[in-house]
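As provided, model-v2.cif (mmCIF, C-alpha atoms) reads as follows.
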```cif
data_input
#
loop_
_atom_site.label_atom_id
_atom_site.label_comp_id
_atom_site.auth_asym_id
_atom_site.auth_seq_id
_atom_site.Cartn_x
_atom_site.Cartn_y
_atom_site.Cartn_z
CA MET T 594 -9.03 -12.56 15.27
CA LYS T 595 -9.23 -12.62 19.08
CA LYS T 596 -12.96 -12.90 19.61
CA SER T 597 -12.67 -12.24 23.37
CA LYS T 598 -11.69 -8.62 22.74
CA LEU T 599 -14.52 -7.90 20.32
CA ASN T 600 -17.20 -6.47 22.57
CA LYS T 601 -19.35 -3.37 22.57
CA ASP T 602 -16.90 -1.53 24.83
CA ALA T 603 -13.85 -2.14 22.58
CA LYS T 604 -13.79 1.10 20.65
CA THR T 605 -10.26 2.55 20.63
CA VAL T 606 -8.05 1.28 17.83
CA SER T 607 -4.43 1.03 16.84
CA LEU T 608 -4.64 0.78 13.05
CA VAL T 609 -1.97 -0.98 10.98
CA LEU T 610 -2.11 -0.41 7.22
CA GLY T 611 -0.10 -2.70 4.99
CA SER T 612 1.65 -2.30 1.65
CA GLY T 613 0.35 -3.46 -1.73
CA GLY T 614 0.06 -0.70 -4.31
CA ALA T 615 -3.42 0.24 -5.54
CA ARG T 616 -4.98 -2.48 -3.39
CA GLY T 617 -4.26 -0.10 -0.53
CA LEU T 618 -7.14 2.09 -1.64
CA ALA T 619 -9.15 -0.49 0.32
CA HIS T 620 -7.67 1.12 3.45
CA ILE T 621 -10.00 4.07 2.86
CA GLY T 622 -13.03 1.78 2.93
CA VAL T 623 -11.84 0.15 6.15
CA ILE T 624 -11.42 3.56 7.81
CA LYS T 625 -14.87 4.61 6.62
CA TRP T 626 -16.45 1.52 8.19
CA LEU T 627 -14.61 2.03 11.49
CA GLU T 628 -15.67 5.66 11.71
CA GLU T 629 -19.30 4.85 10.87
CA HIS T 630 -19.33 2.31 13.70
CA GLN T 631 -17.88 4.71 16.27
CA PHE T 632 -14.41 3.24 16.53
CA GLU T 633 -11.80 5.83 17.49
CA ILE T 634 -8.45 5.46 15.74
CA LYS T 635 -5.88 6.49 18.33
CA SER T 636 -2.67 5.62 16.46
CA ILE T 637 -1.58 4.51 12.98
CA SER T 638 1.34 2.55 11.61
CA GLY T 639 1.72 2.08 7.87
CA CYS T 640 4.12 1.27 5.10
CA SER T 641 4.04 2.09 1.39
CA ILE T 642 0.42 2.79 0.35
CA GLY T 643 -0.48 2.24 4.01
CA SER T 644 1.73 5.15 5.00
CA LEU T 645 0.06 7.35 2.39
CA ILE T 646 -3.52 6.57 3.44
CA GLY T 647 -2.70 6.43 7.15
CA GLY T 648 -0.63 9.61 7.20
CA ILE T 649 -3.21 11.62 5.30
CA TYR T 650 -5.99 10.31 7.55
CA ALA T 651 -3.95 11.33 10.60
CA ALA T 652 -3.65 14.80 9.07
CA GLY T 653 -7.44 15.03 8.72
CA LYS T 654 -7.29 15.19 4.92
CA LEU T 655 -8.59 11.77 3.88
CA ASP T 656 -11.85 13.11 2.41
CA GLU T 657 -9.89 15.45 0.14
CA LEU T 658 -7.59 12.62 -0.94
CA GLU T 659 -10.53 10.32 -1.67
CA LYS T 660 -12.25 12.94 -3.85
CA TRP T 661 -9.06 13.40 -5.84
CA LEU T 662 -8.47 9.66 -6.23
CA LEU T 663 -11.99 9.17 -7.55
CA THR T 664 -11.24 11.59 -10.40
CA LEU T 665 -8.16 9.71 -11.60
CA ASN T 666 -8.12 7.97 -14.95
CA LYS T 667 -5.32 6.11 -16.68
CA LEU T 668 -4.00 9.25 -18.37
CA ASN T 669 -3.90 11.18 -15.09
CA ILE T 670 -1.92 8.38 -13.48
CA ALA T 671 0.55 8.17 -16.34
CA ASN T 672 1.09 11.94 -16.13
CA LEU T 673 2.06 11.63 -12.47
CA LEU T 674 5.04 9.42 -13.31
CA ASP T 675 8.41 11.14 -13.80
CA PRO T 676 10.83 8.82 -15.63
CA THR T 677 14.50 9.04 -14.74
CA TRP T 678 17.48 7.37 -16.35
CA ARG T 679 19.44 7.45 -13.11
CA SER T 680 20.31 4.15 -11.51
CA GLY T 681 18.14 2.90 -8.69
CA GLY T 682 14.68 3.20 -10.19
CA ILE T 683 12.61 3.97 -13.26
CA PHE T 684 10.70 6.89 -11.71
CA LYS T 685 11.76 9.64 -9.32
CA GLY T 686 8.42 9.80 -7.52
CA ASP T 687 8.80 13.56 -6.94
CA LYS T 688 5.88 14.56 -9.16
CA ILE T 689 3.39 12.45 -7.22
CA ILE T 690 4.55 13.87 -3.89
CA LYS T 691 4.49 17.46 -5.17
CA THR T 692 0.95 16.96 -6.47
CA LEU T 693 -0.17 15.65 -3.10
CA ILE T 694 1.51 18.51 -1.22
CA ASP T 695 -0.15 21.06 -3.52
CA LEU T 696 -3.49 19.36 -2.93
CA LEU T 697 -3.26 18.67 0.80
CA GLU T 698 -0.33 20.71 2.23
CA ASP T 699 2.55 19.17 4.15
CA ILE T 700 2.69 18.88 7.94
CA GLN T 701 5.24 17.76 10.50
CA ILE T 702 4.45 14.28 11.79
CA GLU T 703 4.93 15.36 15.41
CA ASN T 704 2.14 17.92 14.92
CA LEU T 705 -0.43 15.39 13.71
CA PRO T 706 -3.49 14.98 15.97
CA ILE T 707 -3.11 11.18 15.73
CA PRO T 708 0.28 9.52 16.43
CA PHE T 709 1.65 8.13 13.16
CA THR T 710 4.62 6.00 12.13
CA ALA T 711 5.73 5.38 8.56
CA VAL T 712 7.86 2.27 8.12
CA ALA T 713 10.63 2.13 5.52
CA THR T 714 13.59 -0.16 4.84
CA ASP T 715 17.24 0.93 5.02
CA ILE T 716 19.00 -1.03 2.27
CA ILE T 717 22.42 -0.21 3.70
CA THR T 718 21.85 -1.59 7.22
CA GLU T 719 19.10 -4.00 6.08
CA LYS T 720 16.87 -2.84 8.93
CA GLU T 721 13.45 -1.28 9.38
CA VAL T 722 13.32 2.48 9.89
CA TRP T 723 10.40 3.96 11.81
CA ILE T 724 9.73 7.56 10.83
CA ASN T 725 7.64 9.45 13.39
CA SER T 726 8.94 12.99 13.05
CA GLY T 727 9.70 15.46 10.28
CA SER T 728 7.84 16.07 7.03
CA LEU T 729 4.84 13.78 6.55
CA PHE T 730 5.30 13.61 2.80
CA ASP T 731 9.03 12.94 3.06
CA ALA T 732 8.14 9.97 5.25
CA ILE T 733 5.47 8.78 2.82
CA ARG T 734 7.86 9.08 -0.13
CA ALA T 735 10.53 7.04 1.66
CA SER T 736 8.10 4.38 2.86
CA SER T 737 6.63 4.04 -0.66
CA SER T 738 9.88 3.73 -2.62
CA LEU T 739 9.05 0.49 -4.39
CA PRO T 740 12.24 -1.23 -5.60
CA LEU T 741 12.81 -1.04 -9.37
CA PHE T 742 10.02 1.52 -9.86
CA PHE T 743 10.97 4.46 -7.61
CA THR T 744 14.45 5.70 -6.78
CA PRO T 745 15.56 5.20 -3.14
CA VAL T 746 15.40 8.14 -0.74
CA GLU T 747 18.39 9.53 1.13
CA TYR T 748 17.40 10.02 4.77
CA GLY T 749 20.25 11.11 7.03
CA ASN T 750 22.86 8.40 6.66
CA SER T 751 20.30 5.92 5.39
CA LEU T 752 19.10 4.97 1.92
CA LEU T 753 15.44 4.08 2.20
CA ILE T 754 13.12 1.94 0.11
CA ASP T 755 9.62 0.52 0.54
CA GLY T 756 8.86 -0.66 4.07
CA GLY T 757 7.08 -3.70 2.66
CA VAL T 758 10.46 -5.25 1.83
CA LEU T 759 10.93 -6.18 5.50
CA ASN T 760 7.55 -5.62 7.12
CA PRO T 761 4.48 -5.40 4.86
CA VAL T 762 2.06 -5.25 7.84
CA PRO T 763 3.99 -3.21 10.45
CA ILE T 764 2.39 -4.11 13.76
CA ALA T 765 5.46 -3.58 15.97
CA PRO T 766 5.20 0.25 16.14
CA VAL T 767 1.83 -0.03 17.93
CA PHE T 768 2.80 -2.80 20.39
CA ASN T 769 2.80 -0.49 23.41
CA ASP T 770 -0.38 1.43 22.59
CA ASP T 771 -3.03 1.69 25.26
CA THR T 772 -5.97 0.85 22.99
CA ASP T 773 -8.74 -1.73 23.01
CA LEU T 774 -7.96 -3.26 19.62
CA THR T 775 -5.14 -3.61 17.14
CA ILE T 776 -6.63 -3.85 13.66
CA ALA T 777 -4.31 -4.79 10.78
CA VAL T 778 -5.19 -4.53 7.08
CA ASN T 779 -3.16 -7.09 5.16
CA LEU T 780 -3.08 -6.51 1.38
CA GLY T 781 -1.38 -9.87 0.79
CA GLY T 782 -4.42 -12.08 1.25
CA ALA T 783 -5.01 -15.35 -0.57
CA LEU T 784 -5.46 -15.17 -4.35
CA LEU T 785 -8.97 -15.01 -5.73
CA LYS T 786 -9.21 -18.20 -7.77
CA ASP T 787 -11.56 -16.79 -10.40
CA LYS T 788 -8.82 -14.36 -11.44
CA ILE T 789 -6.18 -16.98 -12.21
CA ASP T 790 -6.09 -18.64 -15.63
CA SER T 791 -4.78 -22.08 -16.53
CA GLN T 792 -1.22 -20.75 -16.78
CA ASN T 793 -1.46 -19.39 -13.22
CA LYS T 794 -1.26 -15.86 -14.58
CA VAL T 795 -3.10 -13.20 -12.57
CA TYR T 796 -5.52 -10.68 -14.09
CA ASP T 797 -7.99 -8.16 -12.76
CA ASN T 798 -11.67 -8.15 -13.71
CA LYS T 799 -10.92 -6.90 -17.21
CA GLU T 800 -7.75 -8.97 -17.48
CA ALA T 801 -4.94 -6.38 -17.39
CA SER T 802 -5.82 -2.69 -17.36
CA SER T 803 -4.71 -0.74 -20.39
CA PHE T 804 -2.63 1.48 -18.11
CA THR T 805 -0.73 -1.49 -16.74
CA GLN T 806 -0.24 -2.82 -20.25
CA GLY T 807 1.17 0.54 -21.33
CA PHE T 808 3.50 0.59 -18.35
CA LYS T 809 4.72 -2.89 -19.22
CA LYS T 810 5.59 -1.69 -22.73
CA PHE T 811 7.62 1.13 -21.18
CA VAL T 812 9.48 -1.32 -18.94
CA LYS T 813 10.42 -3.47 -21.96
CA ILE T 814 13.06 -0.85 -22.72
CA TYR T 815 14.93 -2.27 -19.73
CA ASP T 816 14.21 -5.90 -20.54
CA LYS T 817 16.66 -6.67 -23.34
CA LYS T 818 17.17 -10.41 -22.90
CA GLU T 819 15.45 -12.96 -25.09
CA LYS T 820 12.69 -14.65 -23.10
CA GLU T 821 12.86 -18.38 -22.54
CA PRO T 822 9.73 -20.35 -23.47
CA SER T 823 9.15 -21.20 -19.80
CA THR T 824 8.40 -17.57 -18.96
CA LYS T 825 5.24 -17.83 -21.08
CA ASP T 826 4.96 -14.10 -22.08
CA TRP T 827 5.95 -12.80 -18.65
CA GLY T 828 8.12 -9.70 -18.95
CA MET T 829 10.20 -7.90 -16.36
CA TYR T 830 7.16 -6.07 -14.98
CA ASP T 831 5.20 -9.32 -14.48
CA VAL T 832 8.09 -11.06 -12.73
CA ALA T 833 8.93 -8.09 -10.49
CA ASP T 834 5.28 -7.49 -9.59
CA LYS T 835 4.50 -11.12 -8.77
CA ALA T 836 7.81 -11.68 -6.97
CA PHE T 837 7.28 -8.65 -4.74
CA ASP T 838 3.70 -9.66 -3.93
CA THR T 839 4.75 -13.23 -3.17
CA MET T 840 7.58 -12.04 -0.93
CA GLN T 841 5.36 -9.59 0.94
CA SER T 842 2.54 -12.08 1.53
CA THR T 843 5.00 -14.64 2.93
CA ILE T 844 6.67 -12.13 5.25
CA ALA T 845 3.29 -10.78 6.37
CA LYS T 846 2.11 -14.27 7.27
CA VAL T 847 5.17 -14.86 9.46
CA LYS T 848 4.90 -11.44 11.15
CA ILE T 849 1.19 -11.84 11.85
CA GLU T 850 1.61 -15.36 13.20
CA SER T 851 4.32 -14.09 15.57
CA HIS T 852 2.32 -11.08 16.77
CA PRO T 853 -1.32 -11.50 15.75
CA PRO T 854 -3.54 -8.42 15.79
CA ASP T 855 -6.95 -8.56 17.42
CA VAL T 856 -8.55 -8.19 13.99
CA GLU T 857 -6.93 -8.93 10.63
CA ILE T 858 -8.68 -7.66 7.51
CA ARG T 859 -7.36 -9.39 4.38
CA ILE T 860 -7.48 -8.08 0.83
CA ALA T 861 -6.64 -10.61 -1.91
CA ARG T 862 -3.31 -9.82 -3.51
CA ASN T 863 -4.86 -10.08 -6.97
CA ALA T 864 -7.89 -7.91 -6.14
CA CYS T 865 -6.43 -5.36 -8.55
CA GLY T 866 -3.14 -4.57 -10.24
CA MET T 867 -0.43 -2.75 -8.32
CA LEU T 868 -0.84 0.36 -10.50
CA ASP T 869 -4.62 0.32 -11.00
CA PHE T 870 -5.29 3.54 -9.08
CA ASN T 871 -8.08 4.33 -11.53
CA ARG T 872 -10.14 1.66 -9.72
CA ALA T 873 -10.43 3.70 -6.50
CA ASP T 874 -14.21 3.42 -6.13
CA GLU T 875 -14.15 -0.36 -6.49
CA MET T 876 -11.29 -0.84 -4.01
CA ILE T 877 -12.75 1.55 -1.40
CA LYS T 878 -16.01 -0.40 -1.50
CA LEU T 879 -14.08 -3.66 -1.18
CA GLY T 880 -12.29 -2.39 1.94
CA TYR T 881 -15.60 -1.35 3.49
CA LYS T 882 -17.10 -4.78 2.78
CA LYS T 883 -14.07 -6.62 4.20
CA ALA T 884 -14.19 -4.55 7.39
CA LEU T 885 -17.86 -5.40 7.79
CA LEU T 886 -17.15 -9.11 7.33
CA ALA T 887 -14.26 -9.02 9.80
CA PHE T 888 -16.56 -7.87 12.59
CA GLU T 889 -19.52 -10.18 11.91
#
```

Have the structure of the file written as structure tokens, please.
Amino acid sequence: MKKSKLNKDAKTVSLVLGSGGARGLAHIGVIKWLEEHQFEIKSISGCSIGSLIGGIYAAGKLDELEKWLLTLNKLNIANLLDPTWRSGGIFKGDKIIKTLIDLLEDIQIENLPIPFTAVATDIITEKEVWINSGSLFDAIRASSSLPLFFTPVEYGNSLLIDGGVLNPVPIAPVFNDDTDLTIAVNLGGALLKDKIDSQNKVYDNKEASSFTQGFKKFVKIYDKKEKEPSTKDWGMYDVADKAFDTMQSTIAKVKIESHPPDVEIRIARNACGMLDFNRADEMIKLGYKKALLAFE
């Protein structure tokens, strides 16, 4: 954090929202705190869950999204998943996007009142793709296409997956903004030690949610090999989840060290499970608290 820029006159913000599954519900709490303290968000860059929260905020629909999220339970979440036996992913992701469009309506990014960029990864060229025009929800779907879980998205001549693969905290799109502060929310923060057991296995407050456990059972269909003793009970879901989080946190650290924001708000990468969207209230409150602490 660059303390020199944190003064009473620093009120315009370029907001960078990182990737990290359900932990990204903390983004809502961060935005709430900024608004309550008269910060004006002038531009947004986000990837994965960050593109969802950031894009919907830019569209002026965050309150509606929050109300809907707070109603979700494990069954609702499971019903939003649309399994596919095509190669490239376990779920299509279309049902989630259609539900959000029905709830909030789509909009062209260039018509948003706040400039917005969704960051995705082109797996053909192995480069970042910045999406700042066209359908908002097409951009969100592409930016959120988590490898293994959701099928990639065809976008022109590109095949897009989750932006967090290359840039989990996408600061670069806001480099040239004329704002007082760049605030980045990094969902790959240090592990909370009280949530790690003696086998270094990560759990949430109630160990693993029943929804996550059910999802892991579903994934076992794909996990045919006999497990070696060294894996200790870790299945394909555990390995993929932890590997992706580890990769993202390492990349985020390098990116942030190269181009540090004025304020970095960190959410522990084991604050909740990647799919624990039923814990919206808890994560929103956590984001609010972390924003408060970042400005003390």

Residues near T:Ile717, cut-off 9 Å, all atoms listed in the file, skip fewer than 6 positions along chain, as number ranges by chain: T: 751-753

Any chance you could work out the residue set of the PyMOL selection byres ((chain T and resi 852) around 12) here, as number ranges by chain? T: 594-595, 762-768, 775-777, 845-851, 853-857

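Between atom CA of T:Val722 and atom CA of T:Val609 the separation is 15.7 Å.
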
Please identify all polymer residues within 7 Å of T:Ile642, counting only C-alpha atoms, omitting same-chain residues fewer than 2 positions from it, and present them as a PyMOL selection string. chain T and resi 612-614+617+640+644-646+737

So that I can see what lies close to stretch 653-662 of chain T, please list as a list in words the residues with an atom at most 7 Å from it, counting only C-alpha atoms and leaving out residues fewer than 3 positions away in the same chain.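 Counting only the stated atoms, we get Ile649, Tyr650, Leu665, Leu697 and Ala873 of chain T.
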